[in-house]
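Note sheet for the following structure.
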Amino acid sequence: MSPGLRTDAWRGTASGTAHGQHPAAALRERAEPQSRPRLRLLPREAGRPGPRLPGMAEERRFLSASGVPIALRCRQHSASCRELAVRGPRLQLRSLSAATSAVWLAAYGLFALCENSLVLSAAIFLTLLGLILYLHFVKIDQESLLVIGSLGIQVTSAYASGKESTTFIEMGHIKDVVINEAIHMQKVIYYLCILLQDPEDPQGVSEVVPLFQSSKPRLDCLIEVYRSCQEILEQRKTGPQSSEIK
């Protein structure tokens, strides 16, 4: 190795040790390339939701008229198609076990008095039959509206057993969607309903179809559903007018 190369290597090592740095660390620092600056992601500002994209679901928590927590899920499929679903509380295993135990204890008490095994068999059969009927015809887990501006409104009720009941109302039969009030047990309650247009009288109403009769949301939840329905209904009303102007 030539003396010039030895002198350059020694000078580089000496300059590193002059600032209190180890010679090996100074050589490693020269050999390593400089790292790229890291990008910092700033968090989204609180209280400012992002843009609602088609197909994305937004869920909010509310209370029913009886104080039971419910959830409102809004899914926008397109500008003129929106799905609004209100989900109630699931069936509680504690209440189901308590009701079943009460029936079976009463049946066991009758069996102890009359000593007839048919009482226990009848109690088991009636309990299972009542549970099946309750899950299949009474307990509704979710009520939903599918509002399609060009077709109509589809009302769906999903029961705890998995059964679904669907009703479709054509847009030509719908006069408006309003929030109505009623008095029940000395208390004013609000409910959302669809006004069906009278075929004989364009200004009249032939039938009122109430919505969310199982979950019974409070007014703040009904207002959110009402605004979403009115946005699509307004598009249907302004559509023919804009085409006539053209």
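Naming scheme: A, B, ... for chains in displayed order of the structure tokens; residues 1 onward per chain; ligands 1 onward as shown.
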
Find the spatial neighbours of region 90-107 of chain A, counting only C-alpha atoms, within a cut-off of 7 Å - ignore same-chain residues fewer than 5 positions away - and output them as an MDAnalysis selection string. chainID A and resid 119:120 123 127 141

For the residues selected in the previous step, produce a file with C-alpha atoms as a PDB file, in the first residue's frame.
ATOM      1  CA  VAL A 119     -96.956 -32.759  33.618  1.00  0.00           C
ATOM      2  CA  LEU A 120     -93.183 -32.593  33.172  1.00  0.00           C
ATOM      3  CA  ALA A 123     -94.016 -28.421  30.431  1.00  0.00           C
ATOM      4  CA  THR A 127     -91.559 -24.424  26.676  1.00  0.00           C
ATOM      5  CA  ASP A 141     -83.565  -8.300  15.676  1.00  0.00           C
TER       6      ASP A 141
END

Just the strand (DSSP E or B) stuff from region 56-195 of chain A, please, per backbone DSSP, written as a PyMOL selection string. chain A and resi 57-64+69-78+81-87+140-148+152-159+164-170+174-183+188-195

Report as a tab-separated table: every residue of region 108-220 of chain A with an atom at most 7 Å from region 55-68 of chain A, its closest pair of atoms, and their distance in Å to one decimal, counting only C-alpha atoms, with rows sorted by chain and ascending residue number.
residue	atom	partner	partner_atom	distance
A:Ser215	CA	A:Ser64	CA	6.5
A:Lys216	CA	A:Ser64	CA	5.5
A:Pro217	CA	A:Ser64	CA	4.2
A:Arg218	CA	A:Ser64	CA	5.2

Assign secondary structure with DSSP using the backbone only, and return the residues of region 19-238 of chain A in alpha helix (DSSP H) as a ChimeraX atom specification. /A:23-31,93-114,117-133,219-238

Mind giving me the straight-line distance from CA of Leu131 (chain A) to CA of Leu118 (chain A) in Å, one decimal? 19.8 Å

Got a sec: who's within 10 Å of Val225 (chain A), counting only C-alpha atoms, leaving out chain neighbours fewer than 6 positions off, as JSON, numbers by chain? {"A": [72, 73, 74, 83, 84, 85, 86, 145, 177, 179, 192, 219]}

A:Leu133, A:Gly149, A:Val205, A:Tyr159 ranked by distance to Pro89 (chain A), top pick (using only C-alpha atoms): A:Tyr159

Just the residues within 8 Å of Arg82 (chain A), please, counting only C-alpha atoms, with nothing from its chain fewer than 3 positions along; format it as a compact mmCIF listing (two decimals) with all heavy atoms, in the first residue's frame.
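Saved result, part.txt, follows:
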# COMPACT_ATOMS: atom_id res chain seq x y z
N CYS A 74 -76.26 3.11 8.45
CA CYS A 74 -76.60 3.73 7.18
C CYS A 74 -75.55 3.32 6.15
O CYS A 74 -74.36 3.56 6.35
CB CYS A 74 -76.65 5.26 7.32
SG CYS A 74 -77.03 6.12 5.79
N ARG A 75 -76.03 2.71 5.06
CA ARG A 75 -75.14 2.28 3.98
C ARG A 75 -75.62 2.91 2.68
O ARG A 75 -76.76 2.69 2.26
CB ARG A 75 -75.13 0.77 3.86
CG ARG A 75 -74.14 0.24 2.82
CD ARG A 75 -74.31 -1.25 2.64
NE ARG A 75 -74.01 -1.97 3.86
CZ ARG A 75 -72.79 -2.37 4.21
NH1 ARG A 75 -71.76 -2.13 3.42
NH2 ARG A 75 -72.60 -3.02 5.34
N GLN A 76 -74.76 3.70 2.06
CA GLN A 76 -75.10 4.37 0.82
C GLN A 76 -74.52 3.58 -0.35
O GLN A 76 -73.31 3.53 -0.55
CB GLN A 76 -74.57 5.81 0.81
CG GLN A 76 -74.96 6.59 -0.42
CD GLN A 76 -74.62 8.06 -0.30
OE1 GLN A 76 -74.24 8.52 0.77
NE2 GLN A 76 -74.74 8.79 -1.39
N HIS A 77 -75.39 2.97 -1.14
CA HIS A 77 -74.95 2.18 -2.28
C HIS A 77 -74.66 3.07 -3.49
O HIS A 77 -73.75 2.79 -4.26
CB HIS A 77 -76.00 1.13 -2.63
CG HIS A 77 -76.26 0.16 -1.52
ND1 HIS A 77 -75.43 -0.91 -1.25
CD2 HIS A 77 -77.25 0.09 -0.59
CE1 HIS A 77 -75.90 -1.61 -0.22
NE2 HIS A 77 -77.01 -1.02 0.21
N SER A 78 -75.46 4.12 -3.65
CA SER A 78 -75.25 5.08 -4.73
C SER A 78 -75.93 6.38 -4.33
O SER A 78 -76.43 6.51 -3.21
CB SER A 78 -75.80 4.55 -6.07
OG SER A 78 -77.20 4.41 -6.00
N ALA A 79 -75.94 7.36 -5.25
CA ALA A 79 -76.54 8.65 -4.93
C ALA A 79 -78.04 8.55 -4.72
O ALA A 79 -78.63 9.33 -3.97
CB ALA A 79 -76.23 9.66 -6.03
N LEU A 146 -84.74 0.01 2.53
CA LEU A 146 -83.91 0.15 1.34
C LEU A 146 -84.64 1.13 0.41
O LEU A 146 -85.65 0.78 -0.20
CB LEU A 146 -83.69 -1.19 0.65
CG LEU A 146 -82.82 -1.18 -0.60
CD1 LEU A 146 -81.42 -0.67 -0.28
CD2 LEU A 146 -82.76 -2.56 -1.24
N VAL A 147 -84.13 2.35 0.34
CA VAL A 147 -84.77 3.41 -0.43
C VAL A 147 -84.07 3.53 -1.77
O VAL A 147 -82.87 3.84 -1.82
CB VAL A 147 -84.71 4.75 0.34
CG1 VAL A 147 -85.51 5.82 -0.39
CG2 VAL A 147 -85.23 4.59 1.75
N ILE A 148 -84.80 3.27 -2.84
CA ILE A 148 -84.29 3.36 -4.20
C ILE A 148 -85.12 4.41 -4.93
O ILE A 148 -86.34 4.25 -5.08
CB ILE A 148 -84.35 2.01 -4.93
CG1 ILE A 148 -83.67 0.92 -4.10
CG2 ILE A 148 -83.71 2.11 -6.30
CD1 ILE A 148 -83.81 -0.47 -4.67
N SER A 228 -82.43 11.19 5.54
CA SER A 228 -81.89 10.34 4.48
C SER A 228 -82.96 10.00 3.44
O SER A 228 -82.69 10.00 2.24
CB SER A 228 -81.30 9.06 5.07
OG SER A 228 -80.23 9.35 5.95

Nearby residues (only C-alpha atoms) at most 12 Å from Glu234 (chain A), same-chain spacing under 3 positions excluded, as number ranges by chain: A: 79-80, 149-150, 175-177, 226-231, 237-241

Residue neighbourhood Asn180 (chain A), 12 Å, only C-alpha atoms, exclusion window fewer than 5 positions, as a PyMOL selection string: chain A and resi 188-195+208-211+218-219+222-223+226

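What separates CA of Val138 (chain A) from CA of Ile124 (chain A) is a distance of 20.2 Å.
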
Selection: 12 Å around Ile140 (chain A), only C-alpha atoms, excl. self and same-chain fewer than 2 positions, as a PDB file with all heavy atoms, in the first residue's frame:
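Result saved to result.pdb:
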ATOM      1  N   VAL A  86     -82.108  -0.420  11.589  1.00  0.00           N
ATOM      2  CA  VAL A  86     -82.129  -0.217  13.043  1.00  0.00           C
ATOM      3  C   VAL A  86     -82.064  -1.587  13.696  1.00  0.00           C
ATOM      4  O   VAL A  86     -82.950  -2.431  13.482  1.00  0.00           O
ATOM      5  CB  VAL A  86     -83.400   0.539  13.483  1.00  0.00           C
ATOM      6  CG1 VAL A  86     -83.431   0.662  15.002  1.00  0.00           C
ATOM      7  CG2 VAL A  86     -83.442   1.918  12.848  1.00  0.00           C
ATOM      8  N   ARG A  87     -81.022  -1.815  14.457  1.00  0.00           N
ATOM      9  CA  ARG A  87     -80.811  -3.101  15.114  1.00  0.00           C
ATOM     10  C   ARG A  87     -81.064  -2.967  16.604  1.00  0.00           C
ATOM     11  O   ARG A  87     -80.480  -2.122  17.284  1.00  0.00           O
ATOM     12  CB  ARG A  87     -79.390  -3.607  14.866  1.00  0.00           C
ATOM     13  CG  ARG A  87     -79.157  -5.025  15.372  1.00  0.00           C
ATOM     14  CD  ARG A  87     -77.752  -5.530  15.045  1.00  0.00           C
ATOM     15  NE  ARG A  87     -76.759  -4.836  15.845  1.00  0.00           N
ATOM     16  CZ  ARG A  87     -75.895  -3.967  15.359  1.00  0.00           C
ATOM     17  NH1 ARG A  87     -75.910  -3.666  14.082  1.00  0.00           N
ATOM     18  NH2 ARG A  87     -75.012  -3.377  16.138  1.00  0.00           N
ATOM     19  N   GLY A  88     -81.947  -3.805  17.110  1.00  0.00           N
ATOM     20  CA  GLY A  88     -82.266  -3.800  18.527  1.00  0.00           C
ATOM     21  C   GLY A  88     -81.365  -4.734  19.313  1.00  0.00           C
ATOM     22  O   GLY A  88     -80.476  -5.392  18.749  1.00  0.00           O
ATOM     23  N   PRO A  89     -81.576  -4.826  20.617  1.00  0.00           N
ATOM     24  CA  PRO A  89     -80.740  -5.718  21.437  1.00  0.00           C
ATOM     25  C   PRO A  89     -81.028  -7.189  21.143  1.00  0.00           C
ATOM     26  O   PRO A  89     -82.156  -7.563  20.807  1.00  0.00           O
ATOM     27  CB  PRO A  89     -81.127  -5.342  22.875  1.00  0.00           C
ATOM     28  CG  PRO A  89     -82.504  -4.772  22.752  1.00  0.00           C
ATOM     29  CD  PRO A  89     -82.567  -4.087  21.427  1.00  0.00           C
ATOM     30  N   ARG A  90     -79.995  -7.998  21.257  1.00  0.00           N
ATOM     31  CA  ARG A  90     -80.143  -9.428  21.050  1.00  0.00           C
ATOM     32  C   ARG A  90     -80.898 -10.067  22.217  1.00  0.00           C
ATOM     33  O   ARG A  90     -81.059  -9.470  23.281  1.00  0.00           O
ATOM     34  CB  ARG A  90     -78.769 -10.087  20.898  1.00  0.00           C
ATOM     35  CG  ARG A  90     -77.973  -9.579  19.706  1.00  0.00           C
ATOM     36  CD  ARG A  90     -78.525 -10.108  18.413  1.00  0.00           C
ATOM     37  NE  ARG A  90     -77.742  -9.676  17.262  1.00  0.00           N
ATOM     38  CZ  ARG A  90     -78.003 -10.032  16.012  1.00  0.00           C
ATOM     39  NH1 ARG A  90     -79.035 -10.801  15.752  1.00  0.00           N
ATOM     40  NH2 ARG A  90     -77.243  -9.599  15.016  1.00  0.00           N
ATOM     41  N   LEU A  91     -81.360 -11.279  21.966  1.00  0.00           N
ATOM     42  CA  LEU A  91     -82.056 -12.013  23.008  1.00  0.00           C
ATOM     43  C   LEU A  91     -81.086 -12.357  24.134  1.00  0.00           C
ATOM     44  O   LEU A  91     -80.028 -12.955  23.900  1.00  0.00           O
ATOM     45  CB  LEU A  91     -82.665 -13.297  22.427  1.00  0.00           C
ATOM     46  CG  LEU A  91     -83.485 -14.168  23.391  1.00  0.00           C
ATOM     47  CD1 LEU A  91     -84.707 -13.405  23.869  1.00  0.00           C
ATOM     48  CD2 LEU A  91     -83.903 -15.465  22.714  1.00  0.00           C
ATOM     49  N   TYR A 134     -91.849 -17.698  19.652  1.00  0.00           N
ATOM     50  CA  TYR A 134     -91.361 -16.360  20.011  1.00  0.00           C
ATOM     51  C   TYR A 134     -90.234 -15.913  19.095  1.00  0.00           C
ATOM     52  O   TYR A 134     -90.208 -14.768  18.640  1.00  0.00           O
ATOM     53  CB  TYR A 134     -90.904 -16.378  21.473  1.00  0.00           C
ATOM     54  CG  TYR A 134     -90.296 -15.073  21.934  1.00  0.00           C
ATOM     55  CD1 TYR A 134     -91.088 -13.960  22.191  1.00  0.00           C
ATOM     56  CD2 TYR A 134     -88.912 -14.955  22.104  1.00  0.00           C
ATOM     57  CE1 TYR A 134     -90.529 -12.761  22.605  1.00  0.00           C
ATOM     58  CE2 TYR A 134     -88.351 -13.773  22.512  1.00  0.00           C
ATOM     59  CZ  TYR A 134     -89.164 -12.683  22.765  1.00  0.00           C
ATOM     60  OH  TYR A 134     -88.599 -11.495  23.166  1.00  0.00           O
ATOM     61  N   LEU A 135     -89.292 -16.809  18.811  1.00  0.00           N
ATOM     62  CA  LEU A 135     -88.164 -16.446  17.946  1.00  0.00           C
ATOM     63  C   LEU A 135     -88.576 -16.280  16.493  1.00  0.00           C
ATOM     64  O   LEU A 135     -87.953 -15.517  15.747  1.00  0.00           O
ATOM     65  CB  LEU A 135     -87.060 -17.503  18.054  1.00  0.00           C
ATOM     66  CG  LEU A 135     -86.392 -17.678  19.416  1.00  0.00           C
ATOM     67  CD1 LEU A 135     -85.363 -18.794  19.362  1.00  0.00           C
ATOM     68  CD2 LEU A 135     -85.742 -16.383  19.871  1.00  0.00           C
ATOM     69  N   HIS A 136     -89.623 -16.985  16.072  1.00  0.00           N
ATOM     70  CA  HIS A 136     -89.995 -17.001  14.657  1.00  0.00           C
ATOM     71  C   HIS A 136     -91.027 -15.942  14.288  1.00  0.00           C
ATOM     72  O   HIS A 136     -91.087 -15.528  13.119  1.00  0.00           O
ATOM     73  CB  HIS A 136     -90.528 -18.389  14.296  1.00  0.00           C
ATOM     74  CG  HIS A 136     -90.528 -18.672  12.820  1.00  0.00           C
ATOM     75  ND1 HIS A 136     -89.368 -18.838  12.095  1.00  0.00           N
ATOM     76  CD2 HIS A 136     -91.545 -18.796  11.926  1.00  0.00           C
ATOM     77  CE1 HIS A 136     -89.665 -19.054  10.830  1.00  0.00           C
ATOM     78  NE2 HIS A 136     -90.981 -19.038  10.687  1.00  0.00           N
ATOM     79  N   PHE A 137     -91.823 -15.499  15.277  1.00  0.00           N
ATOM     80  CA  PHE A 137     -92.906 -14.572  14.947  1.00  0.00           C
ATOM     81  C   PHE A 137     -92.909 -13.283  15.767  1.00  0.00           C
ATOM     82  O   PHE A 137     -93.598 -12.337  15.387  1.00  0.00           O
ATOM     83  CB  PHE A 137     -94.271 -15.268  15.138  1.00  0.00           C
ATOM     84  CG  PHE A 137     -94.513 -16.404  14.199  1.00  0.00           C
ATOM     85  CD1 PHE A 137     -94.395 -17.707  14.637  1.00  0.00           C
ATOM     86  CD2 PHE A 137     -94.851 -16.179  12.877  1.00  0.00           C
ATOM     87  CE1 PHE A 137     -94.613 -18.773  13.779  1.00  0.00           C
ATOM     88  CE2 PHE A 137     -95.074 -17.237  12.002  1.00  0.00           C
ATOM     89  CZ  PHE A 137     -94.945 -18.541  12.455  1.00  0.00           C
ATOM     90  N   VAL A 138     -92.194 -13.228  16.870  1.00  0.00           N
ATOM     91  CA  VAL A 138     -92.293 -12.074  17.775  1.00  0.00           C
ATOM     92  C   VAL A 138     -90.982 -11.301  17.849  1.00  0.00           C
ATOM     93  O   VAL A 138     -90.961 -10.085  17.609  1.00  0.00           O
ATOM     94  CB  VAL A 138     -92.727 -12.524  19.189  1.00  0.00           C
ATOM     95  CG1 VAL A 138     -92.807 -11.319  20.126  1.00  0.00           C
ATOM     96  CG2 VAL A 138     -94.071 -13.244  19.126  1.00  0.00           C
ATOM     97  N   GLN A 142     -83.761  -6.893  13.697  1.00  0.00           N
ATOM     98  CA  GLN A 142     -83.381  -5.755  12.859  1.00  0.00           C
ATOM     99  C   GLN A 142     -84.532  -5.378  11.933  1.00  0.00           C
ATOM    100  O   GLN A 142     -85.217  -6.250  11.379  1.00  0.00           O
ATOM    101  CB  GLN A 142     -82.137  -6.100  12.032  1.00  0.00           C
ATOM    102  CG  GLN A 142     -81.658  -4.983  11.123  1.00  0.00           C
ATOM    103  CD  GLN A 142     -80.351  -5.320  10.442  1.00  0.00           C
ATOM    104  OE1 GLN A 142     -79.317  -5.432  11.090  1.00  0.00           O
ATOM    105  NE2 GLN A 142     -80.380  -5.476   9.134  1.00  0.00           N
ATOM    106  N   GLU A 143     -84.714  -4.070  11.778  1.00  0.00           N
ATOM    107  CA  GLU A 143     -85.672  -3.515  10.827  1.00  0.00           C
ATOM    108  C   GLU A 143     -84.914  -2.582   9.889  1.00  0.00           C
ATOM    109  O   GLU A 143     -84.152  -1.734  10.355  1.00  0.00           O
ATOM    110  CB  GLU A 143     -86.781  -2.751  11.541  1.00  0.00           C
ATOM    111  CG  GLU A 143     -87.634  -3.627  12.437  1.00  0.00           C
ATOM    112  CD  GLU A 143     -88.614  -2.825  13.260  1.00  0.00           C
ATOM    113  OE1 GLU A 143     -88.167  -2.157  14.219  1.00  0.00           O
ATOM    114  OE2 GLU A 143     -89.815  -2.849  12.957  1.00  0.00           O
ATOM    115  N   SER A 144     -85.138  -2.723   8.599  1.00  0.00           N
ATOM    116  CA  SER A 144     -84.351  -1.964   7.636  1.00  0.00           C
ATOM    117  C   SER A 144     -85.244  -1.392   6.546  1.00  0.00           C
ATOM    118  O   SER A 144     -86.318  -1.926   6.240  1.00  0.00           O
ATOM    119  CB  SER A 144     -83.264  -2.847   7.009  1.00  0.00           C
ATOM    120  OG  SER A 144     -83.842  -3.924   6.308  1.00  0.00           O
ATOM    121  N   THR A 156     -87.958  -4.332   5.448  1.00  0.00           N
ATOM    122  CA  THR A 156     -87.572  -5.698   5.811  1.00  0.00           C
ATOM    123  C   THR A 156     -87.469  -5.813   7.323  1.00  0.00           C
ATOM    124  O   THR A 156     -86.890  -4.946   7.980  1.00  0.00           O
ATOM    125  CB  THR A 156     -86.233  -6.088   5.159  1.00  0.00           C
ATOM    126  OG1 THR A 156     -86.322  -5.908   3.752  1.00  0.00           O
ATOM    127  CG2 THR A 156     -85.891  -7.534   5.465  1.00  0.00           C
ATOM    128  N   SER A 157     -88.025  -6.899   7.847  1.00  0.00           N
ATOM    129  CA  SER A 157     -87.921  -7.215   9.273  1.00  0.00           C
ATOM    130  C   SER A 157     -87.241  -8.572   9.402  1.00  0.00           C
ATOM    131  O   SER A 157     -87.719  -9.565   8.835  1.00  0.00           O
ATOM    132  CB  SER A 157     -89.297  -7.252   9.938  1.00  0.00           C
ATOM    133  OG  SER A 157     -89.937  -5.980   9.850  1.00  0.00           O
ATOM    134  N   ALA A 158     -86.122  -8.603  10.129  1.00  0.00           N
ATOM    135  CA  ALA A 158     -85.356  -9.839  10.335  1.00  0.00           C
ATOM    136  C   ALA A 158     -85.626 -10.351  11.746  1.00  0.00           C
ATOM    137  O   ALA A 158     -85.348  -9.648  12.731  1.00  0.00           O
ATOM    138  CB  ALA A 158     -83.868  -9.590  10.121  1.00  0.00           C
ATOM    139  N   TYR A 159     -86.163 -11.567  11.851  1.00  0.00           N
ATOM    140  CA  TYR A 159     -86.496 -12.158  13.142  1.00  0.00           C
ATOM    141  C   TYR A 159     -85.281 -12.885  13.727  1.00  0.00           C
ATOM    142  O   TYR A 159     -84.301 -13.142  13.028  1.00  0.00           O
ATOM    143  CB  TYR A 159     -87.673 -13.117  13.000  1.00  0.00           C
ATOM    144  CG  TYR A 159     -88.982 -12.421  12.690  1.00  0.00           C
ATOM    145  CD1 TYR A 159     -89.301 -12.059  11.395  1.00  0.00           C
ATOM    146  CD2 TYR A 159     -89.887 -12.113  13.701  1.00  0.00           C
ATOM    147  CE1 TYR A 159     -90.500 -11.421  11.103  1.00  0.00           C
ATOM    148  CE2 TYR A 159     -91.088 -11.479  13.420  1.00  0.00           C
ATOM    149  CZ  TYR A 159     -91.385 -11.130  12.118  1.00  0.00           C
ATOM    150  OH  TYR A 159     -92.563 -10.484  11.839  1.00  0.00           O
ATOM    151  N   ALA A 160     -85.395 -13.221  15.001  1.00  0.00           N
ATOM    152  CA  ALA A 160     -84.277 -13.860  15.696  1.00  0.00           C
ATOM    153  C   ALA A 160     -84.004 -15.261  15.168  1.00  0.00           C
ATOM    154  O   ALA A 160     -82.876 -15.761  15.271  1.00  0.00           O
ATOM    155  CB  ALA A 160     -84.552 -13.910  17.197  1.00  0.00           C
ATOM    156  N   SER A 161     -85.001 -15.913  14.596  1.00  0.00           N
ATOM    157  CA  SER A 161     -84.812 -17.263  14.061  1.00  0.00           C
ATOM    158  C   SER A 161     -84.153 -17.267  12.693  1.00  0.00           C
ATOM    159  O   SER A 161     -83.821 -18.331  12.184  1.00  0.00           O
ATOM    160  CB  SER A 161     -86.168 -17.972  13.977  1.00  0.00           C
ATOM    161  OG  SER A 161     -87.032 -17.283  13.081  1.00  0.00           O
ATOM    162  N   GLY A 162     -83.983 -16.096  12.082  1.00  0.00           N
ATOM    163  CA  GLY A 162     -83.440 -16.013  10.738  1.00  0.00           C
ATOM    164  C   GLY A 162     -84.477 -15.724   9.674  1.00  0.00           C
ATOM    165  O   GLY A 162     -84.124 -15.449   8.513  1.00  0.00           O
ATOM    166  N   LYS A 163     -85.742 -15.773  10.037  1.00  0.00           N
ATOM    167  CA  LYS A 163     -86.805 -15.485   9.083  1.00  0.00           C
ATOM    168  C   LYS A 163     -86.834 -13.993   8.766  1.00  0.00           C
ATOM    169  O   LYS A 163     -86.582 -13.154   9.625  1.00  0.00           O
ATOM    170  CB  LYS A 163     -88.147 -15.930   9.677  1.00  0.00           C
ATOM    171  CG  LYS A 163     -89.364 -15.417   8.943  1.00  0.00           C
ATOM    172  CD  LYS A 163     -90.615 -15.662   9.753  1.00  0.00           C
ATOM    173  CE  LYS A 163     -91.782 -14.892   9.182  1.00  0.00           C
ATOM    174  NZ  LYS A 163     -93.004 -15.014   9.999  1.00  0.00           N
ATOM    175  N   GLU A 164     -87.163 -13.661   7.506  1.00  0.00           N
ATOM    176  CA  GLU A 164     -87.248 -12.275   7.064  1.00  0.00           C
ATOM    177  C   GLU A 164     -88.605 -12.027   6.420  1.00  0.00           C
ATOM    178  O   GLU A 164     -89.090 -12.841   5.632  1.00  0.00           O
ATOM    179  CB  GLU A 164     -86.131 -11.936   6.067  1.00  0.00           C
ATOM    180  CG  GLU A 164     -84.758 -11.844   6.694  1.00  0.00           C
ATOM    181  CD  GLU A 164     -83.720 -11.299   5.736  1.00  0.00           C
ATOM    182  OE1 GLU A 164     -84.066 -11.086   4.544  1.00  0.00           O
ATOM    183  OE2 GLU A 164     -82.565 -11.101   6.165  1.00  0.00           O
ATOM    184  N   SER A 165     -89.187 -10.881   6.771  1.00  0.00           N
ATOM    185  CA  SER A 165     -90.455 -10.456   6.189  1.00  0.00           C
ATOM    186  C   SER A 165     -90.207  -9.176   5.406  1.00  0.00           C
ATOM    187  O   SER A 165     -89.698  -8.195   5.964  1.00  0.00           O
ATOM    188  CB  SER A 165     -91.498 -10.231   7.288  1.00  0.00           C
ATOM    189  OG  SER A 165     -92.693  -9.696   6.753  1.00  0.00           O
ATOM    190  N   PHE A 212     -90.597   0.785  11.805  1.00  0.00           N
ATOM    191  CA  PHE A 212     -89.818   0.541  13.030  1.00  0.00           C
ATOM    192  C   PHE A 212     -90.739   0.377  14.251  1.00  0.00           C
ATOM    193  O   PHE A 212     -90.530   0.995  15.302  1.00  0.00           O
ATOM    194  CB  PHE A 212     -88.820   1.672  13.278  1.00  0.00           C
ATOM    195  CG  PHE A 212     -87.895   1.934  12.130  1.00  0.00           C
ATOM    196  CD1 PHE A 212     -87.892   3.155  11.470  1.00  0.00           C
ATOM    197  CD2 PHE A 212     -87.010   0.959  11.691  1.00  0.00           C
ATOM    198  CE1 PHE A 212     -87.043   3.395  10.412  1.00  0.00           C
ATOM    199  CE2 PHE A 212     -86.156   1.185  10.622  1.00  0.00           C
ATOM    200  CZ  PHE A 212     -86.179   2.407   9.978  1.00  0.00           C
ATOM    201  N   GLN A 213     -91.750  -0.463  14.088  1.00  0.00           N
ATOM    202  CA  GLN A 213     -92.699  -0.678  15.176  1.00  0.00           C
ATOM    203  C   GLN A 213     -92.144  -1.564  16.280  1.00  0.00           C
ATOM    204  O   GLN A 213     -92.637  -1.539  17.414  1.00  0.00           O
ATOM    205  CB  GLN A 213     -93.986  -1.288  14.619  1.00  0.00           C
ATOM    206  CG  GLN A 213     -94.787  -0.341  13.757  1.00  0.00           C
ATOM    207  CD  GLN A 213     -95.268   0.862  14.534  1.00  0.00           C
ATOM    208  OE1 GLN A 213     -96.139   0.768  15.393  1.00  0.00           O
ATOM    209  NE2 GLN A 213     -94.687   2.012  14.247  1.00  0.00           N
ATOM    210  N   SER A 214     -91.127  -2.346  15.983  1.00  0.00           N
ATOM    211  CA  SER A 214     -90.537  -3.210  17.007  1.00  0.00           C
ATOM    212  C   SER A 214     -89.458  -2.490  17.814  1.00  0.00           C
ATOM    213  O   SER A 214     -89.441  -2.566  19.045  1.00  0.00           O
ATOM    214  CB  SER A 214     -89.950  -4.461  16.350  1.00  0.00           C
ATOM    215  OG  SER A 214     -89.323  -5.287  17.307  1.00  0.00           O
ATOM    216  N   SER A 215     -88.553  -1.798  17.127  1.00  0.00           N
ATOM    217  CA  SER A 215     -87.453  -1.112  17.831  1.00  0.00           C
ATOM    218  C   SER A 215     -87.899   0.191  18.473  1.00  0.00           C
ATOM    219  O   SER A 215     -87.344   0.589  19.492  1.00  0.00           O
ATOM    220  CB  SER A 215     -86.305  -0.847  16.861  1.00  0.00           C
ATOM    221  OG  SER A 215     -86.765  -0.144  15.726  1.00  0.00           O
ATOM    222  N   LYS A 216     -88.869   0.895  17.863  1.00  0.00           N
ATOM    223  CA  LYS A 216     -89.413   2.152  18.407  1.00  0.00           C
ATOM    224  C   LYS A 216     -88.291   3.157  18.749  1.00  0.00           C
ATOM    225  O   LYS A 216     -88.072   3.494  19.918  1.00  0.00           O
ATOM    226  CB  LYS A 216     -90.277   1.896  19.639  1.00  0.00           C
ATOM    227  CG  LYS A 216     -91.550   1.102  19.364  1.00  0.00           C
ATOM    228  CD  LYS A 216     -92.357   0.915  20.635  1.00  0.00           C
ATOM    229  CE  LYS A 216     -93.692   0.239  20.328  1.00  0.00           C
ATOM    230  NZ  LYS A 216     -93.530  -1.102  19.733  1.00  0.00           N
TER     231      LYS A 216
END
